[in-house]
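One file, entry.cif, carrying mmCIF, C-alpha atoms, pLDDT in the B column; chains and numbers go by the auth columns:
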data_start
#
loop_
_atom_site.group_PDB
_atom_site.id
_atom_site.type_symbol
_atom_site.label_atom_id
_atom_site.label_comp_id
_atom_site.label_asym_id
_atom_site.label_seq_id
_atom_site.Cartn_x
_atom_site.Cartn_y
_atom_site.Cartn_z
_atom_site.B_iso_or_equiv
_atom_site.auth_seq_id
_atom_site.auth_asym_id
ATOM 1 C CA MET A 1 111.615 301.283 21.091 37.00 1 F
ATOM 2 C CA LYS A 2 110.300 298.005 22.415 37.00 2 F
ATOM 3 C CA LEU A 3 112.384 296.575 25.258 38.00 3 F
ATOM 4 C CA ARG A 4 111.694 293.557 27.422 40.00 4 F
ATOM 5 C CA ASN A 5 109.651 294.181 30.557 38.00 5 F
ATOM 6 C CA GLY A 6 111.729 295.951 33.212 41.00 6 F
ATOM 7 C CA GLN A 7 114.544 296.880 30.840 53.00 7 F
ATOM 8 C CA THR A 8 115.554 300.409 30.015 52.00 8 F
ATOM 9 C CA ASP A 9 117.554 302.209 27.358 59.00 9 F
ATOM 10 C CA GLU A 10 118.616 304.769 29.985 69.00 10 F
ATOM 11 C CA TRP A 11 122.239 303.984 30.832 74.00 11 F
ATOM 12 C CA TYR A 12 124.575 306.839 31.684 78.00 12 F
ATOM 13 C CA THR A 13 128.202 307.179 30.729 87.00 13 F
ATOM 14 C CA PRO A 14 130.394 307.113 33.872 86.00 14 F
ATOM 15 C CA LYS A 15 131.884 310.374 35.125 91.00 15 F
ATOM 16 C CA TYR A 16 135.498 309.141 34.914 91.00 16 F
ATOM 17 C CA ILE A 17 135.264 309.050 31.105 94.00 17 F
ATOM 18 C CA PHE A 18 134.454 312.750 30.924 95.00 18 F
ATOM 19 C CA GLU A 19 137.127 313.591 33.487 96.00 19 F
ATOM 20 C CA ALA A 20 139.703 311.768 31.355 97.00 20 F
ATOM 21 C CA LEU A 21 138.521 313.417 28.120 97.00 21 F
ATOM 22 C CA ASN A 22 138.877 316.832 29.788 98.00 22 F
ATOM 23 C CA ILE A 23 136.725 318.581 27.223 97.00 23 F
ATOM 24 C CA GLU A 24 133.408 320.445 27.254 98.00 24 F
ATOM 25 C CA PHE A 25 130.845 319.556 24.631 98.00 25 F
ATOM 26 C CA ASP A 26 128.449 321.944 22.962 98.00 26 F
ATOM 27 C CA LEU A 27 125.720 319.334 22.576 98.00 27 F
ATOM 28 C CA ASP A 28 124.584 315.920 23.765 97.00 28 F
ATOM 29 C CA PRO A 29 121.865 314.932 21.247 97.00 29 F
ATOM 30 C CA CYS A 30 121.009 311.639 23.037 93.00 30 F
ATOM 31 C CA HIS A 31 120.803 312.794 26.644 92.00 31 F
ATOM 32 C CA PRO A 32 118.700 310.822 29.130 86.00 32 F
ATOM 33 C CA LEU A 33 115.706 312.466 30.736 85.00 33 F
ATOM 34 C CA GLU A 34 117.669 312.968 33.977 82.00 34 F
ATOM 35 C CA LYS A 35 120.766 315.197 34.271 83.00 35 F
ATOM 36 C CA THR A 36 123.960 313.156 34.063 87.00 36 F
ATOM 37 C CA PHE A 37 127.731 313.678 34.088 89.00 37 F
ATOM 38 C CA VAL A 38 127.925 314.829 30.465 93.00 38 F
ATOM 39 C CA PRO A 39 129.722 318.193 30.397 96.00 39 F
ATOM 40 C CA ALA A 40 127.590 319.709 27.643 97.00 40 F
ATOM 41 C CA LYS A 41 126.195 323.211 27.281 97.00 41 F
ATOM 42 C CA ARG A 42 123.001 321.879 25.686 97.00 42 F
ATOM 43 C CA TRP A 43 121.275 318.551 25.250 95.00 43 F
ATOM 44 C CA TYR A 44 118.315 316.904 23.610 96.00 44 F
ATOM 45 C CA THR A 45 116.393 314.170 25.409 93.00 45 F
ATOM 46 C CA LYS A 46 114.158 311.594 23.773 89.00 46 F
ATOM 47 C CA ASN A 47 111.361 314.157 24.172 94.00 47 F
ATOM 48 C CA GLU A 48 113.133 316.421 21.631 95.00 48 F
ATOM 49 C CA ASN A 49 114.422 313.481 19.538 94.00 49 F
ATOM 50 C CA GLY A 50 117.955 314.532 18.665 95.00 50 F
ATOM 51 C CA LEU A 51 117.746 312.733 15.324 95.00 51 F
ATOM 52 C CA HIS A 52 115.284 315.409 14.173 96.00 52 F
ATOM 53 C CA GLN A 53 117.210 318.384 15.567 97.00 53 F
ATOM 54 C CA VAL A 54 120.070 320.453 14.182 97.00 54 F
ATOM 55 C CA TRP A 55 123.390 319.505 15.768 98.00 55 F
ATOM 56 C CA HIS A 56 125.984 322.165 16.476 97.00 56 F
ATOM 57 C CA GLY A 57 129.563 322.403 17.737 98.00 57 F
ATOM 58 C CA LEU A 58 131.407 319.622 19.503 98.00 58 F
ATOM 59 C CA VAL A 59 129.015 316.711 20.156 98.00 59 F
ATOM 60 C CA TRP A 60 129.005 313.916 22.741 97.00 60 F
ATOM 61 C CA MET A 61 126.975 310.940 21.546 96.00 61 F
ATOM 62 C CA ASN A 62 126.016 307.876 23.581 91.00 62 F
ATOM 63 C CA PRO A 63 123.123 306.690 21.394 89.00 63 F
ATOM 64 C CA PRO A 64 120.230 304.497 22.464 83.00 64 F
ATOM 65 C CA PHE A 65 121.373 300.883 22.126 70.00 65 F
ATOM 66 C CA GLY A 66 117.982 299.158 22.293 66.00 66 F
ATOM 67 C CA GLY A 67 116.907 297.095 19.333 64.00 67 F
ATOM 68 C CA ARG A 68 119.045 295.571 16.619 67.00 68 F
ATOM 69 C CA ASN A 69 120.973 298.271 14.730 70.00 69 F
ATOM 70 C CA GLY A 70 119.018 300.963 16.588 80.00 70 F
ATOM 71 C CA TYR A 71 122.094 303.146 16.855 84.00 71 F
ATOM 72 C CA PHE A 72 122.822 303.183 13.093 90.00 72 F
ATOM 73 C CA PRO A 73 120.790 306.367 12.378 93.00 73 F
ATOM 74 C CA TRP A 74 122.586 308.117 15.245 94.00 74 F
ATOM 75 C CA VAL A 75 126.035 307.201 13.953 94.00 75 F
ATOM 76 C CA GLU A 76 125.079 308.290 10.443 96.00 76 F
ATOM 77 C CA LYS A 77 123.964 311.677 11.760 97.00 77 F
ATOM 78 C CA PHE A 78 127.179 311.889 13.805 97.00 78 F
ATOM 79 C CA LEU A 79 129.251 311.279 10.668 97.00 79 F
ATOM 80 C CA GLU A 80 127.241 313.852 8.748 97.00 80 F
ATOM 81 C CA HIS A 81 127.865 316.373 11.547 98.00 81 F
ATOM 82 C CA GLY A 82 131.578 315.508 11.650 98.00 82 F
ATOM 83 C CA ASN A 83 132.636 316.950 15.022 98.00 83 F
ATOM 84 C CA GLY A 84 132.580 315.056 18.285 98.00 84 F
ATOM 85 C CA ILE A 85 133.075 311.923 20.325 98.00 85 F
ATOM 86 C CA GLY A 86 130.713 308.990 20.488 96.00 86 F
ATOM 87 C CA LEU A 87 130.571 305.391 21.562 92.00 87 F
ATOM 88 C CA PHE A 88 129.061 302.082 20.645 86.00 88 F
ATOM 89 C CA THR A 89 129.713 298.389 21.156 81.00 89 F
ATOM 90 C CA SER A 90 133.152 297.079 20.274 80.00 90 F
ATOM 91 C CA LEU A 91 131.893 294.013 18.472 81.00 91 F
ATOM 92 C CA THR A 92 134.580 294.238 15.805 86.00 92 F
ATOM 93 C CA SER A 93 133.024 291.782 13.348 85.00 93 F
ATOM 94 C CA SER A 94 129.551 293.348 13.544 87.00 94 F
ATOM 95 C CA GLU A 95 127.995 295.123 10.589 88.00 95 F
ATOM 96 C CA GLY A 96 127.961 298.473 12.395 86.00 96 F
ATOM 97 C CA PHE A 97 131.584 298.310 13.487 89.00 97 F
ATOM 98 C CA GLN A 98 132.774 297.319 10.006 91.00 98 F
ATOM 99 C CA LYS A 99 130.612 299.938 8.315 93.00 99 F
ATOM 100 C CA TYR A 100 131.222 302.974 10.535 94.00 100 F
ATOM 101 C CA ILE A 101 134.635 302.707 12.188 93.00 101 F
ATOM 102 C CA PRO A 102 136.621 303.214 8.945 95.00 102 F
ATOM 103 C CA LYS A 103 134.805 306.553 8.519 96.00 103 F
ATOM 104 C CA MET A 104 135.982 307.912 11.884 97.00 104 F
ATOM 105 C CA ASP A 105 139.162 309.908 12.502 98.00 105 F
ATOM 106 C CA ALA A 106 140.191 307.835 15.526 98.00 106 F
ATOM 107 C CA ILE A 107 139.003 305.172 17.937 97.00 107 F
ATOM 108 C CA LEU A 108 139.829 304.245 21.496 97.00 108 F
ATOM 109 C CA PHE A 109 139.380 300.862 23.141 95.00 109 F
ATOM 110 C CA PRO A 110 138.992 301.434 26.908 93.00 110 F
ATOM 111 C CA LYS A 111 141.285 299.412 29.199 92.00 111 F
ATOM 112 C CA THR A 112 138.337 297.800 30.945 76.00 112 F
ATOM 113 C CA LYS A 113 134.695 297.131 30.207 74.00 113 F
ATOM 114 C CA THR A 114 132.639 300.249 30.845 72.00 114 F
ATOM 115 C CA ARG A 115 130.127 299.882 33.660 71.00 115 F
ATOM 116 C CA PHE A 116 127.362 302.290 32.817 67.00 116 F
ATOM 117 C CA ILE A 117 125.306 304.035 35.475 68.00 117 F
ATOM 118 C CA LYS A 118 121.666 303.052 36.040 73.00 118 F
ATOM 119 C CA PRO A 119 118.947 305.721 36.302 71.00 119 F
ATOM 120 C CA ASN A 120 118.898 305.195 40.090 75.00 120 F
ATOM 121 C CA GLY A 121 122.601 306.175 40.298 70.00 121 F
ATOM 122 C CA GLU A 122 123.955 302.670 40.872 73.00 122 F
ATOM 123 C CA GLU A 123 126.775 301.287 38.765 71.00 123 F
ATOM 124 C CA GLY A 124 125.650 298.562 36.390 70.00 124 F
ATOM 125 C CA GLY A 125 127.052 295.064 36.476 69.00 125 F
ATOM 126 C CA ASN A 126 129.852 293.696 34.341 72.00 126 F
ATOM 127 C CA PRO A 127 128.636 294.070 30.745 64.00 127 F
ATOM 128 C CA PHE A 128 128.736 291.249 28.222 64.00 128 F
ATOM 129 C CA HIS A 129 130.940 293.270 25.839 71.00 129 F
ATOM 130 C CA GLY A 130 133.020 296.420 25.807 74.00 130 F
ATOM 131 C CA VAL A 131 132.578 299.686 23.964 86.00 131 F
ATOM 132 C CA VAL A 132 134.686 301.720 21.616 92.00 132 F
ATOM 133 C CA LEU A 133 134.952 305.503 21.696 96.00 133 F
ATOM 134 C CA PHE A 134 135.285 307.212 18.321 97.00 134 F
ATOM 135 C CA SER A 135 135.989 310.725 17.110 98.00 135 F
ATOM 136 C CA LYS A 136 135.565 313.114 14.239 98.00 136 F
ATOM 137 C CA GLY A 137 137.417 316.422 14.230 98.00 137 F
ATOM 138 C CA GLU A 138 140.769 317.551 15.597 97.00 138 F
ATOM 139 C CA ASN A 139 139.699 318.576 19.128 98.00 139 F
ATOM 140 C CA ALA A 140 137.707 315.394 19.658 98.00 140 F
ATOM 141 C CA THR A 141 140.550 313.230 18.343 98.00 141 F
ATOM 142 C CA ASN A 142 143.062 314.950 20.626 98.00 142 F
ATOM 143 C CA ALA A 143 140.759 314.435 23.616 98.00 143 F
ATOM 144 C CA LEU A 144 140.794 310.688 22.910 98.00 144 F
ATOM 145 C CA ARG A 145 144.540 310.689 22.227 98.00 145 F
ATOM 146 C CA TYR A 146 145.469 312.274 25.563 98.00 146 F
ATOM 147 C CA SER A 147 142.742 310.725 27.747 97.00 147 F
ATOM 148 C CA GLY A 148 144.754 307.744 28.962 97.00 148 F
ATOM 149 C CA LEU A 149 141.569 305.656 28.827 97.00 149 F
ATOM 150 C CA GLY A 150 142.996 302.879 26.672 96.00 150 F
ATOM 151 C CA ILE A 151 144.380 301.979 23.268 97.00 151 F
ATOM 152 C CA PHE A 152 144.143 304.940 20.871 98.00 152 F
ATOM 153 C CA LEU A 153 144.251 304.356 17.110 97.00 153 F
ATOM 154 C CA GLU A 154 144.049 306.914 14.334 97.00 154 F
ATOM 155 C CA ILE A 155 142.211 305.743 11.246 95.00 155 F
ATOM 156 C CA GLN A 156 144.368 306.060 8.178 88.00 156 F
ATOM 157 C CA LYS A 157 142.385 307.063 5.113 78.00 157 F
ATOM 158 C CA THR A 158 143.245 305.425 1.804 71.00 158 F
ATOM 159 C CA VAL A 159 142.037 305.705 -1.754 59.00 159 F
ATOM 160 C CA ASN A 160 140.077 302.445 -1.390 58.00 160 F
ATOM 161 C CA ASP A 161 138.233 303.352 1.846 53.00 161 F
ATOM 162 C CA ASN A 162 134.891 303.634 0.081 52.00 162 F
ATOM 163 C CA LYS A 163 135.175 300.262 -1.642 49.00 163 F
ATOM 164 C CA PHE A 164 134.221 297.861 1.105 43.00 164 F
#
Go ahead and express the file in the form of structure tokens.
Amino acid sequence: MKLRNGQTDEWYTPKYIFEALNIEFDLDPCHPLEKTFVPAKRWYTKNENGLHQVWHGLVWMNPPFGGRNGYFPWVEKFLEHGNGIGLFTSLTSSEGFQKYIPKMDAILFPKTKTRFIKPNGEEGGNPFHGVVLFSKGENATNALRYSGLGIFLEIQKTVNDNKF
């Protein structure tokens, strides 16, 4: 992925999110090269390219955000897998939000903007926009529901869900 000089796609999810979720994941398919706070039994880094690997069990997914719509293939694989918690930008009128959120079981809007952790361990600055956490599967949905991280919404499925 081509990023501007000095920029990185390596931003780590803060530890407090995992503490609030209070759940252990079987797999993180988008793990940075360095060990982070993700409580997962196994992970794939960009060296293994999680998009080309088999996913198993309960998944945590913080996909690479670089490039326009770069996270779409990750979210599609997440939906195909159907068991886990992930995140992406909460730009509610964006193509990705409108396309993928209705297919989730639940979403959570954190109370504050999430300050991701830089590769050097420092907390990042105040981001331009917030994120949304989303879930597929009962255990993942319950972890969001009881996390206390923000506004939790279950997605109600209707007959017309596939028509937009």
- Residues near range 104-107 of chain F, cut-off 6 Å, only C-alpha atoms, skip fewer than 2 positions along chain, as a list in words: Ile101, Pro102, Leu133, Phe134, Ser135, Lys136, Phe152, Leu153, Glu154 and Ile155 of chain F
- Query: Using only C-alpha atoms, which of the listed residues (F:Asn47, F:Thr114, F:Thr141, F:Gln156) sits closest to Leu33 in chain F?
  - Reply: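 Checking each candidate against Leu33 in chain F, we get F:Asn47 as the closest.
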- Test item: the PyMOL selection byres ((chain F and resi 73-87) around 10) resolved as a PyMOL selection string: chain F and resi 13+21+25-30+50-52+54-64+69-72+88-90+96+100-101+103-108+131-141+143-144
- Query: Please, what distance in Å, to one decimal, runs between CA of Ala40 in chain F and CA of Lys99 in chain F?
  - Reply: 27.8 Å
- Message: Considering all atoms listed in the file, can you say which of F:Arg145, F:Phe97, F:Ile151, F:Glu34 comes closest to Thr112 in chain F?
- Response: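 Closest candidate: F:Ile151.
Reported to one decimal place, the separation of CA of Trp43 in chain F from CA of Pro110 in chain F is 24.7 Å.
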Any chance you could work out the axis-aligned box around range 73-92 of chain F, listed atoms only, 8 Å on each side, giving centre and edge lengths in Å to one decimal, as JSON?
{"center_x": 127.7, "center_y": 305.5, "center_z": 15.2, "size_x": 29.8, "size_y": 38.9, "size_z": 28.8}
- Task: Would you mind reading off the distance between CA of Gly150 in chain F and CA of Phe18 in chain F, one decimal, in Å?
- Result: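 It comes out at 13.7 Å.
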Output range 123-153 of chain F as a short mmCIF file (atom, residue, chain, number, x, y, z; two decimals), keeping the file's coordinate frame, making sure N, CA and C atoms are there.
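Wrote result.cif, looks like this:
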data_model
loop_
_atom_site.label_atom_id
_atom_site.label_comp_id
_atom_site.auth_asym_id
_atom_site.auth_seq_id
_atom_site.Cartn_x
_atom_site.Cartn_y
_atom_site.Cartn_z
N GLU F 123 125.96 301.78 39.86
CA GLU F 123 126.78 301.29 38.76
C GLU F 123 126.21 299.97 38.27
N GLY F 124 126.14 299.80 36.96
CA GLY F 124 125.65 298.56 36.39
C GLY F 124 126.64 297.44 36.60
N GLY F 125 126.20 296.23 36.34
CA GLY F 125 127.05 295.06 36.48
C GLY F 125 128.07 294.98 35.35
N ASN F 126 128.84 293.91 35.36
CA ASN F 126 129.85 293.70 34.34
C ASN F 126 129.16 293.40 33.01
N PRO F 127 129.33 294.27 32.01
CA PRO F 127 128.64 294.07 30.74
C PRO F 127 129.19 292.88 29.96
N PHE F 128 128.36 292.37 29.08
CA PHE F 128 128.74 291.25 28.22
C PHE F 128 129.89 291.60 27.29
N HIS F 129 129.91 292.84 26.78
CA HIS F 129 130.94 293.27 25.84
C HIS F 129 131.38 294.69 26.18
N GLY F 130 132.50 295.08 25.60
CA GLY F 130 133.02 296.42 25.81
C GLY F 130 132.47 297.41 24.80
N VAL F 131 132.95 298.63 24.90
CA VAL F 131 132.58 299.69 23.96
C VAL F 131 133.83 300.24 23.30
N VAL F 132 133.62 300.99 22.27
CA VAL F 132 134.69 301.72 21.62
C VAL F 132 134.25 303.18 21.58
N LEU F 133 135.19 304.07 21.87
CA LEU F 133 134.95 305.50 21.70
C LEU F 133 135.49 305.88 20.33
N PHE F 134 134.82 306.79 19.64
CA PHE F 134 135.28 307.21 18.32
C PHE F 134 135.19 308.72 18.20
N SER F 135 135.96 309.26 17.25
CA SER F 135 135.99 310.73 17.11
C SER F 135 135.97 311.16 15.66
N LYS F 136 135.46 312.36 15.49
CA LYS F 136 135.56 313.11 14.24
C LYS F 136 135.98 314.52 14.65
N GLY F 137 136.95 315.07 13.94
CA GLY F 137 137.42 316.42 14.23
C GLY F 137 138.67 316.42 15.10
N GLU F 138 139.47 317.47 14.93
CA GLU F 138 140.77 317.55 15.60
C GLU F 138 140.67 317.61 17.13
N ASN F 139 139.81 318.46 17.67
CA ASN F 139 139.70 318.58 19.13
C ASN F 139 139.21 317.28 19.76
N ALA F 140 138.24 316.66 19.14
CA ALA F 140 137.71 315.39 19.66
C ALA F 140 138.78 314.31 19.60
N THR F 141 139.50 314.23 18.50
CA THR F 141 140.55 313.23 18.34
C THR F 141 141.65 313.44 19.37
N ASN F 142 142.04 314.68 19.61
CA ASN F 142 143.06 314.95 20.63
C ASN F 142 142.57 314.60 22.03
N ALA F 143 141.30 314.81 22.31
CA ALA F 143 140.76 314.44 23.62
C ALA F 143 140.90 312.93 23.82
N LEU F 144 140.60 312.14 22.80
CA LEU F 144 140.79 310.69 22.91
C LEU F 144 142.27 310.35 23.07
N ARG F 145 143.10 310.97 22.24
CA ARG F 145 144.54 310.69 22.23
C ARG F 145 145.17 310.87 23.60
N TYR F 146 144.81 311.93 24.30
CA TYR F 146 145.47 312.27 25.56
C TYR F 146 144.67 311.85 26.80
N SER F 147 143.60 311.10 26.62
CA SER F 147 142.74 310.73 27.75
C SER F 147 143.35 309.69 28.68
N GLY F 148 144.20 308.82 28.15
CA GLY F 148 144.75 307.74 28.96
C GLY F 148 143.75 306.64 29.26
N LEU F 149 142.62 306.64 28.56
CA LEU F 149 141.57 305.66 28.83
C LEU F 149 141.84 304.27 28.25
N GLY F 150 142.75 304.18 27.29
CA GLY F 150 143.00 302.88 26.67
C GLY F 150 143.81 302.99 25.41
N ILE F 151 143.62 302.04 24.52
CA ILE F 151 144.38 301.98 23.27
C ILE F 151 143.77 302.95 22.26
N PHE F 152 144.57 303.91 21.83
CA PHE F 152 144.14 304.94 20.87
C PHE F 152 144.69 304.58 19.50
N LEU F 153 143.84 304.64 18.48
CA LEU F 153 144.25 304.36 17.11
C LEU F 153 143.68 305.41 16.17
#
